[in-house]
Structure formats: structure tokens, C-alpha cells
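Pasted below: final-v2.cif, mmCIF, N, CA and C atoms, pLDDT in the B column; chains and numbers go by the auth columns.
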data_query
#
loop_
_atom_site.group_PDB
_atom_site.id
_atom_site.type_symbol
_atom_site.label_atom_id
_atom_site.label_comp_id
_atom_site.label_asym_id
_atom_site.label_seq_id
_atom_site.Cartn_x
_atom_site.Cartn_y
_atom_site.Cartn_z
_atom_site.B_iso_or_equiv
_atom_site.auth_seq_id
_atom_site.auth_asym_id
ATOM 1 N N MET A 1 0.848 -1.180 0.000 52.00 3 A
ATOM 2 C CA MET A 1 0.000 0.000 0.000 52.00 3 A
ATOM 3 C C MET A 1 0.889 1.237 0.000 52.00 3 A
ATOM 4 N N LEU A 2 0.343 2.300 -0.510 63.00 4 A
ATOM 5 C CA LEU A 2 1.094 3.546 -0.565 63.00 4 A
ATOM 6 C C LEU A 2 1.194 4.167 0.818 63.00 4 A
ATOM 7 N N ASP A 3 2.281 4.822 1.057 69.00 5 A
ATOM 8 C CA ASP A 3 2.541 5.442 2.351 69.00 5 A
ATOM 9 C C ASP A 3 1.660 6.680 2.522 69.00 5 A
ATOM 10 N N PRO A 4 0.820 6.707 3.569 70.00 6 A
ATOM 11 C CA PRO A 4 -0.053 7.870 3.799 70.00 6 A
ATOM 12 C C PRO A 4 0.731 9.162 4.003 70.00 6 A
ATOM 13 N N LYS A 5 1.984 9.041 4.435 78.00 7 A
ATOM 14 C CA LYS A 5 2.809 10.240 4.634 78.00 7 A
ATOM 15 C C LYS A 5 2.999 10.994 3.321 78.00 7 A
ATOM 16 N N HIS A 6 3.082 10.258 2.205 77.00 8 A
ATOM 17 C CA HIS A 6 3.208 10.907 0.905 77.00 8 A
ATOM 18 C C HIS A 6 1.984 11.768 0.612 77.00 8 A
ATOM 19 N N PHE A 7 0.805 11.233 0.965 74.00 9 A
ATOM 20 C CA PHE A 7 -0.427 11.999 0.756 74.00 9 A
ATOM 21 C C PHE A 7 -0.442 13.231 1.646 74.00 9 A
ATOM 22 N N ASP A 8 -0.050 13.048 2.897 78.00 10 A
ATOM 23 C CA ASP A 8 -0.031 14.179 3.827 78.00 10 A
ATOM 24 C C ASP A 8 0.897 15.280 3.317 78.00 10 A
ATOM 25 N N ASP A 9 2.062 14.881 2.814 83.00 11 A
ATOM 26 C CA ASP A 9 3.004 15.861 2.262 83.00 11 A
ATOM 27 C C ASP A 9 2.397 16.587 1.062 83.00 11 A
ATOM 28 N N LEU A 10 1.742 15.830 0.197 79.00 12 A
ATOM 29 C CA LEU A 10 1.107 16.417 -0.980 79.00 12 A
ATOM 30 C C LEU A 10 0.028 17.416 -0.574 79.00 12 A
ATOM 31 N N PHE A 11 -0.831 17.012 0.364 75.00 13 A
ATOM 32 C CA PHE A 11 -1.913 17.898 0.795 75.00 13 A
ATOM 33 C C PHE A 11 -1.367 19.133 1.503 75.00 13 A
ATOM 34 N N GLN A 12 -0.291 18.983 2.236 78.00 14 A
ATOM 35 C CA GLN A 12 0.328 20.130 2.903 78.00 14 A
ATOM 36 C C GLN A 12 0.852 21.126 1.870 78.00 14 A
ATOM 37 N N ARG A 13 1.498 20.604 0.831 83.00 15 A
ATOM 38 C CA ARG A 13 2.010 21.496 -0.219 83.00 15 A
ATOM 39 C C ARG A 13 0.873 22.186 -0.959 83.00 15 A
ATOM 40 N N LEU A 14 -0.210 21.433 -1.219 76.00 16 A
ATOM 41 C CA LEU A 14 -1.358 22.039 -1.893 76.00 16 A
ATOM 42 C C LEU A 14 -1.987 23.133 -1.044 76.00 16 A
ATOM 43 N N SER A 15 -2.115 22.876 0.245 75.00 17 A
ATOM 44 C CA SER A 15 -2.767 23.864 1.101 75.00 17 A
ATOM 45 C C SER A 15 -1.915 25.126 1.253 75.00 17 A
ATOM 46 N N THR A 16 -0.599 24.997 1.265 78.00 18 A
ATOM 47 C CA THR A 16 0.235 26.199 1.356 78.00 18 A
ATOM 48 C C THR A 16 0.238 26.966 0.040 78.00 18 A
ATOM 49 N N ALA A 17 -0.059 26.271 -1.063 79.00 19 A
ATOM 50 C CA ALA A 17 -0.104 26.934 -2.367 79.00 19 A
ATOM 51 C C ALA A 17 -1.453 27.600 -2.629 79.00 19 A
ATOM 52 N N MET A 18 -2.454 27.298 -1.803 76.00 20 A
ATOM 53 C CA MET A 18 -3.788 27.880 -1.994 76.00 20 A
ATOM 54 C C MET A 18 -3.765 29.379 -1.725 76.00 20 A
ATOM 55 N N PRO A 19 -4.547 30.112 -2.496 77.00 21 A
ATOM 56 C CA PRO A 19 -4.692 31.537 -2.196 77.00 21 A
ATOM 57 C C PRO A 19 -5.275 31.725 -0.793 77.00 21 A
ATOM 58 N N LYS A 20 -4.936 32.825 -0.160 74.00 22 A
ATOM 59 C CA LYS A 20 -5.353 33.076 1.230 74.00 22 A
ATOM 60 C C LYS A 20 -6.861 32.949 1.409 74.00 22 A
ATOM 61 N N GLY A 21 -7.639 33.396 0.465 73.00 23 A
ATOM 62 C CA GLY A 21 -9.097 33.337 0.591 73.00 23 A
ATOM 63 C C GLY A 21 -9.633 31.916 0.612 73.00 23 A
ATOM 64 N N LEU A 22 -8.929 30.992 -0.003 72.00 24 A
ATOM 65 C CA LEU A 22 -9.392 29.602 -0.060 72.00 24 A
ATOM 66 C C LEU A 22 -8.880 28.756 1.099 72.00 24 A
ATOM 67 N N GLN A 23 -7.923 29.256 1.849 68.00 25 A
ATOM 68 C CA GLN A 23 -7.368 28.465 2.941 68.00 25 A
ATOM 69 C C GLN A 23 -8.401 28.185 4.023 68.00 25 A
ATOM 70 N N VAL A 24 -9.466 28.981 4.066 72.00 26 A
ATOM 71 C CA VAL A 24 -10.558 28.724 5.002 72.00 26 A
ATOM 72 C C VAL A 24 -11.198 27.380 4.672 72.00 26 A
ATOM 73 N N LEU A 25 -11.212 27.037 3.402 78.00 27 A
ATOM 74 C CA LEU A 25 -11.814 25.781 2.941 78.00 27 A
ATOM 75 C C LEU A 25 -10.812 24.628 2.924 78.00 27 A
ATOM 76 N N GLN A 26 -9.640 24.845 3.466 77.00 28 A
ATOM 77 C CA GLN A 26 -8.538 23.882 3.378 77.00 28 A
ATOM 78 C C GLN A 26 -8.924 22.482 3.852 77.00 28 A
ATOM 79 N N ASP A 27 -9.546 22.357 5.019 77.00 29 A
ATOM 80 C CA ASP A 27 -9.903 21.031 5.537 77.00 29 A
ATOM 81 C C ASP A 27 -10.872 20.323 4.607 77.00 29 A
ATOM 82 N N ASP A 28 -11.857 21.063 4.107 82.00 30 A
ATOM 83 C CA ASP A 28 -12.842 20.472 3.203 82.00 30 A
ATOM 84 C C ASP A 28 -12.179 20.033 1.894 82.00 30 A
ATOM 85 N N VAL A 29 -11.323 20.875 1.364 78.00 31 A
ATOM 86 C CA VAL A 29 -10.614 20.540 0.126 78.00 31 A
ATOM 87 C C VAL A 29 -9.718 19.321 0.348 78.00 31 A
ATOM 88 N N ASN A 30 -8.988 19.295 1.456 78.00 32 A
ATOM 89 C CA ASN A 30 -8.117 18.148 1.754 78.00 32 A
ATOM 90 C C ASN A 30 -8.914 16.859 1.878 78.00 32 A
ATOM 91 N N ARG A 31 -10.047 16.913 2.564 82.00 33 A
ATOM 92 C CA ARG A 31 -10.894 15.723 2.717 82.00 33 A
ATOM 93 C C ARG A 31 -11.379 15.224 1.361 82.00 33 A
ATOM 94 N N ASN A 32 -11.851 16.155 0.528 85.00 34 A
ATOM 95 C CA ASN A 32 -12.358 15.765 -0.790 85.00 34 A
ATOM 96 C C ASN A 32 -11.246 15.229 -1.688 85.00 34 A
ATOM 97 N N LEU A 33 -10.094 15.868 -1.654 82.00 35 A
ATOM 98 C CA LEU A 33 -8.965 15.378 -2.450 82.00 35 A
ATOM 99 C C LEU A 33 -8.522 13.992 -1.996 82.00 35 A
ATOM 100 N N ARG A 34 -8.433 13.822 -0.684 81.00 36 A
ATOM 101 C CA ARG A 34 -8.021 12.523 -0.145 81.00 36 A
ATOM 102 C C ARG A 34 -9.015 11.433 -0.544 81.00 36 A
ATOM 103 N N ALA A 35 -10.305 11.711 -0.411 87.00 37 A
ATOM 104 C CA ALA A 35 -11.332 10.723 -0.765 87.00 37 A
ATOM 105 C C ALA A 35 -11.268 10.388 -2.251 87.00 37 A
ATOM 106 N N SER A 36 -11.099 11.405 -3.086 87.00 38 A
ATOM 107 C CA SER A 36 -11.016 11.168 -4.529 87.00 38 A
ATOM 108 C C SER A 36 -9.778 10.355 -4.888 87.00 38 A
ATOM 109 N N LEU A 37 -8.668 10.700 -4.286 82.00 39 A
ATOM 110 C CA LEU A 37 -7.417 9.993 -4.556 82.00 39 A
ATOM 111 C C LEU A 37 -7.494 8.538 -4.089 82.00 39 A
ATOM 112 N N GLU A 38 -8.014 8.318 -2.899 82.00 40 A
ATOM 113 C CA GLU A 38 -8.134 6.950 -2.384 82.00 40 A
ATOM 114 C C GLU A 38 -9.097 6.130 -3.231 82.00 40 A
ATOM 115 N N ALA A 39 -10.200 6.743 -3.683 85.00 41 A
ATOM 116 C CA ALA A 39 -11.154 6.022 -4.534 85.00 41 A
ATOM 117 C C ALA A 39 -10.501 5.646 -5.863 85.00 41 A
ATOM 118 N N GLY A 40 -9.749 6.568 -6.433 84.00 42 A
ATOM 119 C CA GLY A 40 -9.075 6.277 -7.697 84.00 42 A
ATOM 120 C C GLY A 40 -8.028 5.194 -7.555 84.00 42 A
ATOM 121 N N LEU A 41 -7.259 5.258 -6.485 80.00 43 A
ATOM 122 C CA LEU A 41 -6.215 4.251 -6.267 80.00 43 A
ATOM 123 C C LEU A 41 -6.800 2.881 -5.947 80.00 43 A
ATOM 124 N N SER A 42 -7.944 2.852 -5.289 80.00 44 A
ATOM 125 C CA SER A 42 -8.539 1.557 -4.929 80.00 44 A
ATOM 126 C C SER A 42 -9.003 0.793 -6.164 80.00 44 A
ATOM 127 N N ARG A 43 -9.255 1.500 -7.256 86.00 45 A
ATOM 128 C CA ARG A 43 -9.681 0.832 -8.490 86.00 45 A
ATOM 129 C C ARG A 43 -8.500 0.268 -9.270 86.00 45 A
ATOM 130 N N LEU A 44 -7.294 0.673 -8.914 86.00 46 A
ATOM 131 C CA LEU A 44 -6.108 0.176 -9.607 86.00 46 A
ATOM 132 C C LEU A 44 -5.716 -1.195 -9.067 86.00 46 A
ATOM 133 N N ASP A 45 -5.091 -1.980 -9.915 84.00 47 A
ATOM 134 C CA ASP A 45 -4.641 -3.311 -9.524 84.00 47 A
ATOM 135 C C ASP A 45 -3.207 -3.201 -9.016 84.00 47 A
ATOM 136 N N LEU A 46 -3.061 -2.780 -7.749 83.00 48 A
ATOM 137 C CA LEU A 46 -1.745 -2.533 -7.166 83.00 48 A
ATOM 138 C C LEU A 46 -1.332 -3.676 -6.245 83.00 48 A
ATOM 139 N N VAL A 47 -0.042 -3.874 -6.105 86.00 49 A
ATOM 140 C CA VAL A 47 0.481 -4.855 -5.156 86.00 49 A
ATOM 141 C C VAL A 47 1.349 -4.124 -4.140 86.00 49 A
ATOM 142 N N THR A 48 1.554 -4.771 -3.016 87.00 50 A
ATOM 143 C CA THR A 48 2.412 -4.171 -1.993 87.00 50 A
ATOM 144 C C THR A 48 3.873 -4.329 -2.404 87.00 50 A
ATOM 145 N N ARG A 49 4.743 -3.568 -1.787 90.00 51 A
ATOM 146 C CA ARG A 49 6.176 -3.672 -2.046 90.00 51 A
ATOM 147 C C ARG A 49 6.661 -5.077 -1.709 90.00 51 A
ATOM 148 N N GLU A 50 6.133 -5.643 -0.609 94.00 52 A
ATOM 149 C CA GLU A 50 6.537 -6.993 -0.199 94.00 52 A
ATOM 150 C C GLU A 50 6.165 -8.019 -1.272 94.00 52 A
ATOM 151 N N GLU A 51 4.933 -7.938 -1.799 94.00 53 A
ATOM 152 C CA GLU A 51 4.519 -8.866 -2.851 94.00 53 A
ATOM 153 C C GLU A 51 5.396 -8.704 -4.094 94.00 53 A
ATOM 154 N N PHE A 52 5.694 -7.466 -4.431 95.00 54 A
ATOM 155 C CA PHE A 52 6.538 -7.193 -5.589 95.00 54 A
ATOM 156 C C PHE A 52 7.929 -7.792 -5.401 95.00 54 A
ATOM 157 N N ASP A 53 8.511 -7.600 -4.224 96.00 55 A
ATOM 158 C CA ASP A 53 9.848 -8.127 -3.944 96.00 55 A
ATOM 159 C C ASP A 53 9.874 -9.649 -3.994 96.00 55 A
ATOM 160 N N VAL A 54 8.833 -10.289 -3.456 98.00 56 A
ATOM 161 C CA VAL A 54 8.753 -11.754 -3.484 98.00 56 A
ATOM 162 C C VAL A 54 8.699 -12.244 -4.927 98.00 56 A
ATOM 163 N N GLN A 55 7.847 -11.624 -5.741 97.00 57 A
ATOM 164 C CA GLN A 55 7.717 -12.056 -7.128 97.00 57 A
ATOM 165 C C GLN A 55 8.987 -11.757 -7.931 97.00 57 A
ATOM 166 N N SER A 56 9.672 -10.684 -7.608 98.00 58 A
ATOM 167 C CA SER A 56 10.947 -10.380 -8.273 98.00 58 A
ATOM 168 C C SER A 56 11.981 -11.456 -7.966 98.00 58 A
ATOM 169 N N ALA A 57 12.006 -11.917 -6.717 98.00 59 A
ATOM 170 C CA ALA A 57 12.940 -12.980 -6.327 98.00 59 A
ATOM 171 C C ALA A 57 12.595 -14.285 -7.039 98.00 59 A
ATOM 172 N N VAL A 58 11.313 -14.604 -7.134 98.00 60 A
ATOM 173 C CA VAL A 58 10.879 -15.814 -7.843 98.00 60 A
ATOM 174 C C VAL A 58 11.300 -15.729 -9.307 98.00 60 A
ATOM 175 N N LEU A 59 11.098 -14.578 -9.913 98.00 61 A
ATOM 176 C CA LEU A 59 11.476 -14.394 -11.311 98.00 61 A
ATOM 177 C C LEU A 59 12.984 -14.541 -11.502 98.00 61 A
ATOM 178 N N ALA A 60 13.767 -13.994 -10.594 98.00 62 A
ATOM 179 C CA ALA A 60 15.227 -14.107 -10.695 98.00 62 A
ATOM 180 C C ALA A 60 15.664 -15.569 -10.618 98.00 62 A
ATOM 181 N N ARG A 61 15.070 -16.331 -9.676 98.00 63 A
ATOM 182 C CA ARG A 61 15.413 -17.762 -9.566 98.00 63 A
ATOM 183 C C ARG A 61 14.994 -18.511 -10.823 98.00 63 A
ATOM 184 N N THR A 62 13.843 -18.173 -11.373 98.00 64 A
ATOM 185 C CA THR A 62 13.362 -18.829 -12.584 98.00 64 A
ATOM 186 C C THR A 62 14.292 -18.542 -13.755 98.00 64 A
ATOM 187 N N ARG A 63 14.758 -17.318 -13.855 98.00 65 A
ATOM 188 C CA ARG A 63 15.697 -16.967 -14.931 98.00 65 A
ATOM 189 C C ARG A 63 17.001 -17.745 -14.787 98.00 65 A
ATOM 190 N N GLU A 64 17.484 -17.903 -13.552 98.00 66 A
ATOM 191 C CA GLU A 64 18.713 -18.672 -13.325 98.00 66 A
ATOM 192 C C GLU A 64 18.518 -20.126 -13.746 98.00 66 A
ATOM 193 N N LYS A 65 17.376 -20.710 -13.372 98.00 67 A
ATOM 194 C CA LYS A 65 17.096 -22.102 -13.750 98.00 67 A
ATOM 195 C C LYS A 65 16.988 -22.236 -15.263 98.00 67 A
ATOM 196 N N LEU A 66 16.336 -21.266 -15.905 98.00 68 A
ATOM 197 C CA LEU A 66 16.203 -21.296 -17.356 98.00 68 A
ATOM 198 C C LEU A 66 17.571 -21.238 -18.026 98.00 68 A
ATOM 199 N N ALA A 67 18.438 -20.377 -17.549 98.00 69 A
ATOM 200 C CA ALA A 67 19.784 -20.268 -18.121 98.00 69 A
ATOM 201 C C ALA A 67 20.542 -21.585 -17.963 98.00 69 A
ATOM 202 N N ALA A 68 20.411 -22.227 -16.804 98.00 70 A
ATOM 203 C CA ALA A 68 21.084 -23.511 -16.576 98.00 70 A
ATOM 204 C C ALA A 68 20.531 -24.579 -17.512 98.00 70 A
ATOM 205 N N LEU A 69 19.219 -24.615 -17.679 98.00 71 A
ATOM 206 C CA LEU A 69 18.607 -25.602 -18.575 98.00 71 A
ATOM 207 C C LEU A 69 18.992 -25.345 -20.028 98.00 71 A
ATOM 208 N N GLU A 70 19.063 -24.087 -20.428 98.00 72 A
ATOM 209 C CA GLU A 70 19.486 -23.768 -21.793 98.00 72 A
ATOM 210 C C GLU A 70 20.915 -24.239 -22.034 98.00 72 A
ATOM 211 N N SER A 71 21.775 -24.092 -21.039 98.00 73 A
ATOM 212 C CA SER A 71 23.160 -24.563 -21.161 98.00 73 A
ATOM 213 C C SER A 71 23.203 -26.077 -21.293 98.00 73 A
ATOM 214 N N GLN A 72 22.388 -26.759 -20.499 98.00 74 A
ATOM 215 C CA GLN A 72 22.345 -28.223 -20.571 98.00 74 A
ATOM 216 C C GLN A 72 21.849 -28.683 -21.939 98.00 74 A
ATOM 217 N N VAL A 73 20.809 -28.038 -22.446 98.00 75 A
ATOM 218 C CA VAL A 73 20.274 -28.410 -23.761 98.00 75 A
ATOM 219 C C VAL A 73 21.329 -28.165 -24.840 98.00 75 A
ATOM 220 N N ALA A 74 22.010 -27.042 -24.776 97.00 76 A
ATOM 221 C CA ALA A 74 23.054 -26.739 -25.760 97.00 76 A
ATOM 222 C C ALA A 74 24.164 -27.785 -25.705 97.00 76 A
ATOM 223 N N ALA A 75 24.560 -28.194 -24.508 96.00 77 A
ATOM 224 C CA ALA A 75 25.606 -29.212 -24.363 96.00 77 A
ATOM 225 C C ALA A 75 25.133 -30.547 -24.920 96.00 77 A
ATOM 226 N N LEU A 76 23.904 -30.911 -24.647 96.00 78 A
ATOM 227 C CA LEU A 76 23.363 -32.169 -25.173 96.00 78 A
ATOM 228 C C LEU A 76 23.257 -32.130 -26.695 96.00 78 A
ATOM 229 N N GLU A 77 22.821 -30.995 -27.240 95.00 79 A
ATOM 230 C CA GLU A 77 22.729 -30.870 -28.697 95.00 79 A
ATOM 231 C C GLU A 77 24.113 -30.962 -29.331 95.00 79 A
ATOM 232 N N GLN A 78 25.089 -30.340 -28.685 94.00 80 A
ATOM 233 C CA GLN A 78 26.453 -30.380 -29.209 94.00 80 A
ATOM 234 C C GLN A 78 27.005 -31.809 -29.149 94.00 80 A
ATOM 235 N N ALA A 79 26.735 -32.505 -28.061 92.00 81 A
ATOM 236 C CA ALA A 79 27.199 -33.890 -27.930 92.00 81 A
ATOM 237 C C ALA A 79 26.508 -34.784 -28.951 92.00 81 A
ATOM 238 N N HIS A 80 25.247 -34.524 -29.203 92.00 82 A
ATOM 239 C CA HIS A 80 24.480 -35.328 -30.157 92.00 82 A
ATOM 240 C C HIS A 80 24.975 -35.083 -31.588 92.00 82 A
ATOM 241 N N ALA A 81 25.387 -33.866 -31.883 90.00 83 A
ATOM 242 C CA ALA A 81 25.842 -33.521 -33.232 90.00 83 A
ATOM 243 C C ALA A 81 27.318 -33.836 -33.447 90.00 83 A
ATOM 244 N N ALA A 82 28.031 -34.209 -32.410 82.00 84 A
ATOM 245 C CA ALA A 82 29.472 -34.469 -32.523 82.00 84 A
ATOM 246 C C ALA A 82 29.724 -35.685 -33.402 82.00 84 A
ATOM 247 N N PRO A 83 30.810 -35.624 -34.186 81.00 85 A
ATOM 248 C CA PRO A 83 31.156 -36.795 -35.009 81.00 85 A
ATOM 249 C C PRO A 83 31.435 -38.003 -34.117 81.00 85 A
ATOM 250 N N GLY A 84 31.030 -39.125 -34.597 74.00 86 A
ATOM 251 C CA GLY A 84 31.249 -40.343 -33.840 74.00 86 A
ATOM 252 C C GLY A 84 30.071 -40.687 -32.955 74.00 86 A
ATOM 253 N N HIS A 85 29.103 -39.772 -32.851 70.00 87 A
ATOM 254 C CA HIS A 85 27.909 -40.060 -32.058 70.00 87 A
ATOM 255 C C HIS A 85 26.942 -40.831 -32.943 70.00 87 A
ATOM 256 N N HIS A 86 26.500 -41.970 -32.479 70.00 88 A
ATOM 257 C CA HIS A 86 25.587 -42.815 -33.249 70.00 88 A
ATOM 258 C C HIS A 86 24.205 -42.711 -32.653 70.00 88 A
ATOM 259 N N SER A 87 23.243 -42.303 -33.477 62.00 89 A
ATOM 260 C CA SER A 87 21.872 -42.263 -32.971 62.00 89 A
ATOM 261 C C SER A 87 21.172 -43.543 -33.347 62.00 89 A
ATOM 262 N N SER A 88 20.210 -43.941 -32.543 58.00 90 A
ATOM 263 C CA SER A 88 19.517 -45.202 -32.757 58.00 90 A
ATOM 264 C C SER A 88 18.434 -45.062 -33.768 58.00 90 A
#
Serialized structure, C-alpha cells:
Amino acid sequence: MLDPKHFDDLFQRLSTAMPKGLQVLQDDVNRNLRASLEAGLSRLDLVTREEFDVQSAVLARTREKLAALESQVAALEQAHAAPGHHSS
């Protein structure tokens, strides 16, 4: 999930950038912005950093296994194509 501190920082910057006359509405604007942002993000298909890291590790191991298997296949193909090799 996204860090709420990032949202707080964003809303703080927005509220300081508001014209003085609108700062009276700051809490209402912040609430509405937060609700809109959370609703939009909830519709996205997001994963947590932990899930992402786990899947990245799985992918790295899979790539290593694939590279090893490709090397084995290449060695077997080379041995099969070598002169003096008799196929049945």
C-alpha cells in the first residue's frame, strides 16, 4: 500500500499553495482530495512492495534455472551432433 505520509506531504504542499481566501476551505478541500485519490487508487490493480519483492525474487530464480537448462540443452545438442555419435 502507498505510504499515507506521501499523501499528507502532498496535501500540505497544496494547502500552502492555496490563495489566502481559499485556505478557510482547506480542511474540506483536503478531505475531498483525499477521498477522490483513495477512490481512484482503490480501483487500480496494485500490489504491496513486499509482494513485488517476493515475485521479483521468484522471477530471478526462474531466470537462473532457465539459463542452466538452456546450457544443458546446448551441451546435449552439441554432444548429439558431434562426429562419432551414433543415434539409434
Computed interatomic separation between atom C of Phe9 in chain A and atom C of Leu35 in chain A (Å) = 8.9 Å
message = Give me, as a PyMOL selection string, the residues of range 4-75 of chain A that a backbone DSSP run labels alpha helix (DSSP H).
response = chain A and resi 6-19+28-44+51-75
query = Suppose you want the space between atom C of Ala62 in chain A and atom C of Val75 in chain A; what is it in Å?
reply =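 Computed distance, atom C of Ala62 in chain A to atom C of Val75 in chain A, equals 19.8 Å.
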Nearest residue to Gln14 in chain A from the set A:Asp29, A:Glu72, A:Glu40, A:Asp47 (distances using only C-alpha atoms) =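 For Gln14 in chain A, the nearest of the candidates is A:Asp29.
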key: Atomic distance atom C of Gly42 in chain A - atom C of Thr18 in chain A, expressed in Å with one decimal   =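 For atom C of Gly42 in chain A relative to atom C of Thr18 in chain A, the distance reads 24.5 Å.
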Listed atoms of range 54-67 of chain A, axis-aligned box, 6 Å per side: centre and edge lengths to one decimal in Å, as lines of an AutoDock Vina configuration file?
center_x = 12.2
center_y = -14.7
center_z = -9.4
size_x = 25.0
size_y = 27.0
size_z = 23.8
message = Given only N, CA and C atoms as the basis, pick out the residue of A:Val60, A:Leu16, A:Ala83, A:Arg51 nearest to Gln28 in chain A.
response =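 Among the listed residues, the smallest separation from Gln28 in chain A belongs to A:Leu16.
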